[in-house]
Amino acid sequence: MATTSPFSISCISQTKLLHKQNPHQPSHYTRSSLSPQFKHKSSSLLYNPLRYNGVSPIVMKPKSGNAGVSVKALYNKTVEVFNKEYISVSLAKYVADLSEKFIKQRGFFSIALSGNSVKHLKALVEPPYANTIQWSKWHVFWADEKVVPKTHIDSNYKLAYDTFISKVPIAMNVNTIDDALSAEVAADVYETNIKIKVDSNVIALSPNTRLPKFDLMLLDMGSEGQVAGLFRKNPVLTEARKWVTAVKNAPLPSERITLTLSVINSSANIAMIVTGASKADAVYAALKEDQSDDKMPVQLLSSEGEMKWFLDKGAASKLYK
């Protein structure tokens, strides 16, 4: 049972992770359970225990062949730690499973992308997913975007196009901002577009908040806990009326738009991909129980469904003793 402590581990304990399986069968977290690509690769994993006020809540011992480990944290958050090269493999299965689920339920799959998170979708454009996902049912949006031409190096669309969109047949269902407009007008037009998609059930409507409920919000995080276009102490964090808003006084390029915090939190699922030791402090702060008023944007995230963290060992390093 989960406790009320930071990094509490719900029903996935040491016993379930490592010992309650037939020793002649692969663990639920072995490489073979994630993707066929693991069958010809080997990996070592961090097996140091998660930090809990200096005391480990679980004791984990090495088990050969494992590529990652998954534990439950507080508030419907799941944390997975992998060697960096395996994040995209785990993420591909996760996204493909959600795609299948929502297409069966509603006939569509709505996904909002943000920044560098899209780089980790590379395994989706390879077999087996490239040929099995119903791409025609996908509708792609942006959690945030810079108001620059789509060919500009700072464009989130360009990054997504180069690494993902151009490699799968979804071009007709990609919803970008109008970069010829000012940030304020572009945000209003983009919000109108989202409302049209909600009216046609391409994006679900949350019965709890009456806000758009994207099937998946795919996010990354900056070293200071910023997500999408939400920056610490920026007035945009408290925007409660709009679905999409312009971001002022943001780091260069400063002209950008973002989904508001309330819309992001209305998502059915949030996937947070974080890599690099430079973000370890922010990851630790985001996952611990924090009663302070001055929170980073990432600490304000709370999906209506599940929020899942995909971390490499650098980003997760402060979670370990």
# chains A, B, ... in the order shown; residues from 1 in each chain; ligands from 1
$ residues_around --residues "Pro297 (chain A)" --least-positions-apart "3" --cutoff "10 Å" --atoms "only C-alpha atoms" --output "number ranges by chain"
A: 221-222, 224-234, 237, 261, 286, 294, 300-301
$ write_last_selection --atoms "C-alpha atoms" --output "tab-separated table (two decimals), in the first residue's frame"
chain	number	residue	atom	x	y	z
A	221	MET	CA	11.15	19.54	-18.64
A	222	GLY	CA	13.81	22.23	-18.36
A	224	GLU	CA	14.41	24.86	-13.69
A	225	GLY	CA	11.23	22.82	-13.86
A	226	GLN	CA	9.63	24.63	-16.80
A	227	VAL	CA	7.24	22.64	-18.98
A	228	ALA	CA	5.60	23.53	-22.29
A	229	GLY	CA	5.57	27.36	-22.30
A	230	LEU	CA	5.07	27.56	-18.55
A	231	PHE	CA	7.91	29.27	-16.72
A	232	ARG	CA	8.38	29.85	-13.03
A	233	LYS	CA	6.80	33.06	-11.68
A	234	ASN	CA	5.37	33.86	-15.12
A	237	LEU	CA	0.87	30.01	-14.75
A	261	LEU	CA	-1.82	24.71	-16.99
A	286	ALA	CA	8.94	17.50	-8.58
A	294	ASP	CA	6.87	28.80	-4.64
A	300	LEU	CA	1.86	21.91	-10.55
A	301	LEU	CA	1.14	19.13	-13.04
$ select_by_dssp --residues "region 218-310 of chain A" --states "helix (DSSP H, G or I)" --output "list in words"
Pro235, Val236, Leu237, Thr238, Leu261, Ser262, Val263, Ile264, Asn265, Ala277, Ser278, Lys279, Ala280, Asp281, Ala282, Val283, Tyr284, Ala285, Ala286, Leu287, Pro297, Val298, Gln299 and Leu300 of chain A
$ atom_distance --atom1 "CA of Lys77 (chain A)" --atom2 "CA of Glu306 (chain A)"
6.0 Å
$ closest_residue --among "A:Val263, A:Val79, A:Ala316, A:Val125" --to "Glu239 (chain A)" --atoms "only C-alpha atoms"
A:Val263
$ residues_around --residues "Val148 (chain A)" --least-positions-apart "6" --cutoff "10 Å" --atoms "only C-alpha atoms" --output "VMD selection string"
chain A and resid 154 to 157 177 to 183 253 255 to 256
$ closest_residue --among "A:Val244, A:Val283, A:Leu98, A:Met172" --to "Thr192 (chain A)" --atoms "only C-alpha atoms"
A:Val244
$ residues_around --residues "Ser136 (chain A)" --least-positions-apart "2" --cutoff "8 Å" --atoms "only C-alpha atoms" --output "list in words"
Gln134, Trp138, Pro169, Ile170 and Asn173 of chain A
$ write_last_selection --atoms "N, CA and C atoms" --output "compact mmCIF listing (two decimals), in the first residue's frame"
# COMPACT_ATOMS: atom_id res chain seq x y z
N GLN A 134 -2.57 2.85 -36.33
CA GLN A 134 -3.54 3.46 -37.26
C GLN A 134 -3.28 4.96 -37.34
N TRP A 138 -4.73 9.45 -35.94
CA TRP A 138 -3.98 10.35 -35.06
C TRP A 138 -4.28 11.81 -35.40
N PRO A 169 2.41 8.43 -41.96
CA PRO A 169 1.35 9.08 -42.75
C PRO A 169 0.31 9.79 -41.91
N ILE A 170 0.69 10.92 -41.28
CA ILE A 170 -0.27 11.67 -40.47
C ILE A 170 -0.33 13.15 -40.84
N ASN A 173 -3.42 15.41 -40.50
CA ASN A 173 -4.03 15.63 -39.18
C ASN A 173 -3.08 16.31 -38.20
$ residues_around --residues "Ser200 (chain A)" --least-positions-apart "5" --cutoff "12 Å" --atoms "only C-alpha atoms" --output "PyMOL selection string"
chain A and resi 106-108+193-195+205+212
$ residues_around --residues "Ile270 (chain A)" --least-positions-apart "6" --cutoff "8 Å" --atoms "only C-alpha atoms" --output "list of chain:residue names"
A:Leu216, A:Met217, A:Leu218, A:Leu219, A:Ser303, A:Gly305, A:Glu306, A:Met307, A:Lys308
$ write_last_selection --atoms "N, CA, C and O atoms" --output "compact mmCIF listing (two decimals), in the first residue's frame"
# COMPACT_ATOMS: atom_id res chain seq x y z
N LEU A 216 -3.14 12.17 -24.81
CA LEU A 216 -1.78 12.13 -24.29
C LEU A 216 -1.12 13.49 -24.45
O LEU A 216 -1.14 14.08 -25.53
N MET A 217 -0.53 13.96 -23.37
CA MET A 217 0.28 15.17 -23.38
C MET A 217 1.73 14.71 -23.21
O MET A 217 2.11 14.17 -22.17
N LEU A 218 2.54 14.89 -24.26
CA LEU A 218 3.92 14.44 -24.25
C LEU A 218 4.83 15.63 -23.97
O LEU A 218 4.96 16.53 -24.79
N LEU A 219 5.44 15.65 -22.78
CA LEU A 219 6.17 16.81 -22.32
C LEU A 219 7.63 16.48 -22.02
O LEU A 219 7.98 15.33 -21.76
N SER A 303 -2.27 15.06 -13.89
CA SER A 303 -3.16 14.55 -14.93
C SER A 303 -4.46 14.00 -14.33
O SER A 303 -4.48 13.50 -13.20
N GLY A 305 -5.76 11.41 -15.44
CA GLY A 305 -5.51 9.98 -15.43
C GLY A 305 -4.20 9.67 -14.76
O GLY A 305 -4.04 9.82 -13.56
N GLU A 306 -3.21 9.26 -15.56
CA GLU A 306 -1.89 8.91 -15.04
C GLU A 306 -0.84 9.86 -15.58
O GLU A 306 -0.88 10.27 -16.74
N MET A 307 0.10 10.20 -14.73
CA MET A 307 1.29 10.93 -15.17
C MET A 307 2.47 9.98 -15.04
O MET A 307 2.76 9.47 -13.95
N LYS A 308 3.14 9.74 -16.15
CA LYS A 308 4.23 8.77 -16.17
C LYS A 308 5.54 9.46 -16.52
O LYS A 308 5.61 10.21 -17.49
$ select_by_dssp --residues "region 76-259 of chain A" --states "strand (DSSP E)" --output "short mmCIF file (atom, residue, chain, number, x, y, z; two decimals) with N, CA and C atoms, in the first residue's frame"
data_model
loop_
_atom_site.label_atom_id
_atom_site.label_comp_id
_atom_site.auth_asym_id
_atom_site.auth_seq_id
_atom_site.Cartn_x
_atom_site.Cartn_y
_atom_site.Cartn_z
N LYS A 77 1.30 9.04 -10.17
CA LYS A 77 2.53 9.18 -10.94
C LYS A 77 3.29 7.86 -10.95
N THR A 78 3.74 7.46 -12.12
CA THR A 78 4.59 6.30 -12.25
C THR A 78 5.94 6.78 -12.74
N VAL A 79 7.00 6.24 -12.17
CA VAL A 79 8.35 6.65 -12.53
C VAL A 79 9.09 5.45 -13.11
N GLU A 80 9.60 5.61 -14.33
CA GLU A 80 10.42 4.58 -14.95
C GLU A 80 11.83 5.13 -15.17
N VAL A 81 12.81 4.33 -14.83
CA VAL A 81 14.20 4.72 -15.00
C VAL A 81 14.87 3.73 -15.94
N PHE A 82 15.47 4.25 -17.00
CA PHE A 82 16.12 3.43 -18.00
C PHE A 82 17.48 4.00 -18.35
N PHE A 109 -7.12 9.45 -31.84
CA PHE A 109 -6.09 9.57 -30.81
C PHE A 109 -5.51 10.97 -30.89
N SER A 110 -5.69 11.74 -29.83
CA SER A 110 -5.21 13.13 -29.81
C SER A 110 -3.96 13.21 -28.94
N ILE A 111 -2.89 13.75 -29.50
CA ILE A 111 -1.63 13.85 -28.79
C ILE A 111 -1.07 15.26 -28.94
N ALA A 112 -0.62 15.83 -27.86
CA ALA A 112 0.01 17.15 -27.87
C ALA A 112 1.49 16.98 -27.59
N LEU A 113 2.33 17.57 -28.43
CA LEU A 113 3.78 17.43 -28.33
C LEU A 113 4.39 18.70 -27.75
N TRP A 138 -4.73 9.45 -35.94
CA TRP A 138 -3.98 10.35 -35.06
C TRP A 138 -4.28 11.81 -35.40
N HIS A 139 -4.32 12.64 -34.36
CA HIS A 139 -4.41 14.09 -34.53
C HIS A 139 -3.38 14.72 -33.61
N VAL A 140 -2.44 15.43 -34.21
CA VAL A 140 -1.28 15.95 -33.49
C VAL A 140 -1.43 17.45 -33.24
N PHE A 141 -1.15 17.84 -32.01
CA PHE A 141 -1.20 19.24 -31.60
C PHE A 141 0.10 19.59 -30.88
N TRP A 142 0.21 20.84 -30.50
CA TRP A 142 1.40 21.28 -29.76
C TRP A 142 1.01 21.84 -28.41
N ASP A 144 3.12 23.62 -26.78
CA ASP A 144 3.70 24.96 -26.88
C ASP A 144 4.41 25.09 -28.22
N GLU A 145 4.57 26.32 -28.67
CA GLU A 145 5.26 26.57 -29.93
C GLU A 145 5.80 27.99 -29.96
N LYS A 146 6.97 28.13 -30.58
CA LYS A 146 7.52 29.47 -30.79
C LYS A 146 6.88 30.06 -32.04
N ALA A 204 -11.39 14.80 -26.74
CA ALA A 204 -12.47 14.61 -25.78
C ALA A 204 -12.64 15.87 -24.92
N LEU A 205 -13.78 15.97 -24.27
CA LEU A 205 -14.05 17.05 -23.33
C LEU A 205 -14.10 16.47 -21.93
N PRO A 212 -10.60 20.79 -22.80
CA PRO A 212 -10.17 19.72 -23.70
C PRO A 212 -9.36 18.68 -22.94
N LYS A 213 -9.63 17.42 -23.24
CA LYS A 213 -8.96 16.32 -22.57
C LYS A 213 -8.15 15.54 -23.61
N LEU A 216 -3.14 12.17 -24.81
CA LEU A 216 -1.78 12.13 -24.29
C LEU A 216 -1.12 13.49 -24.45
N MET A 217 -0.53 13.96 -23.37
CA MET A 217 0.28 15.17 -23.38
C MET A 217 1.73 14.71 -23.21
N LEU A 218 2.54 14.89 -24.26
CA LEU A 218 3.92 14.44 -24.25
C LEU A 218 4.83 15.63 -23.97
N LEU A 219 5.44 15.65 -22.78
CA LEU A 219 6.17 16.81 -22.32
C LEU A 219 7.63 16.48 -22.02
N ASP A 220 8.45 17.52 -22.04
CA ASP A 220 9.79 17.43 -21.47
C ASP A 220 9.90 18.55 -20.44
N VAL A 244 -5.49 28.44 -24.57
CA VAL A 244 -4.19 28.71 -25.17
C VAL A 244 -3.87 30.17 -24.95
N THR A 245 -2.64 30.48 -24.62
CA THR A 245 -2.29 31.87 -24.37
C THR A 245 -0.89 32.19 -24.87
N ALA A 246 -0.66 33.45 -25.17
CA ALA A 246 0.68 33.91 -25.52
C ALA A 246 1.52 33.99 -24.26
N VAL A 247 2.82 33.76 -24.42
CA VAL A 247 3.75 33.82 -23.30
C VAL A 247 4.62 35.06 -23.48
N ARG A 256 6.00 33.20 -28.13
CA ARG A 256 5.56 31.81 -28.15
C ARG A 256 4.15 31.70 -27.59
N ILE A 257 3.53 30.56 -27.84
CA ILE A 257 2.20 30.28 -27.29
C ILE A 257 2.28 28.98 -26.50
N THR A 258 1.32 28.78 -25.60
CA THR A 258 1.30 27.55 -24.81
C THR A 258 -0.11 27.18 -24.42
N LEU A 259 -0.35 25.89 -24.26
CA LEU A 259 -1.57 25.46 -23.59
C LEU A 259 -1.45 25.90 -22.13
#
$ closest_residue --among "A:Asp215, A:Asp199, A:Asp162, A:Asp293" --to "Val95 (chain A)" --atoms "only C-alpha atoms"
A:Asp215
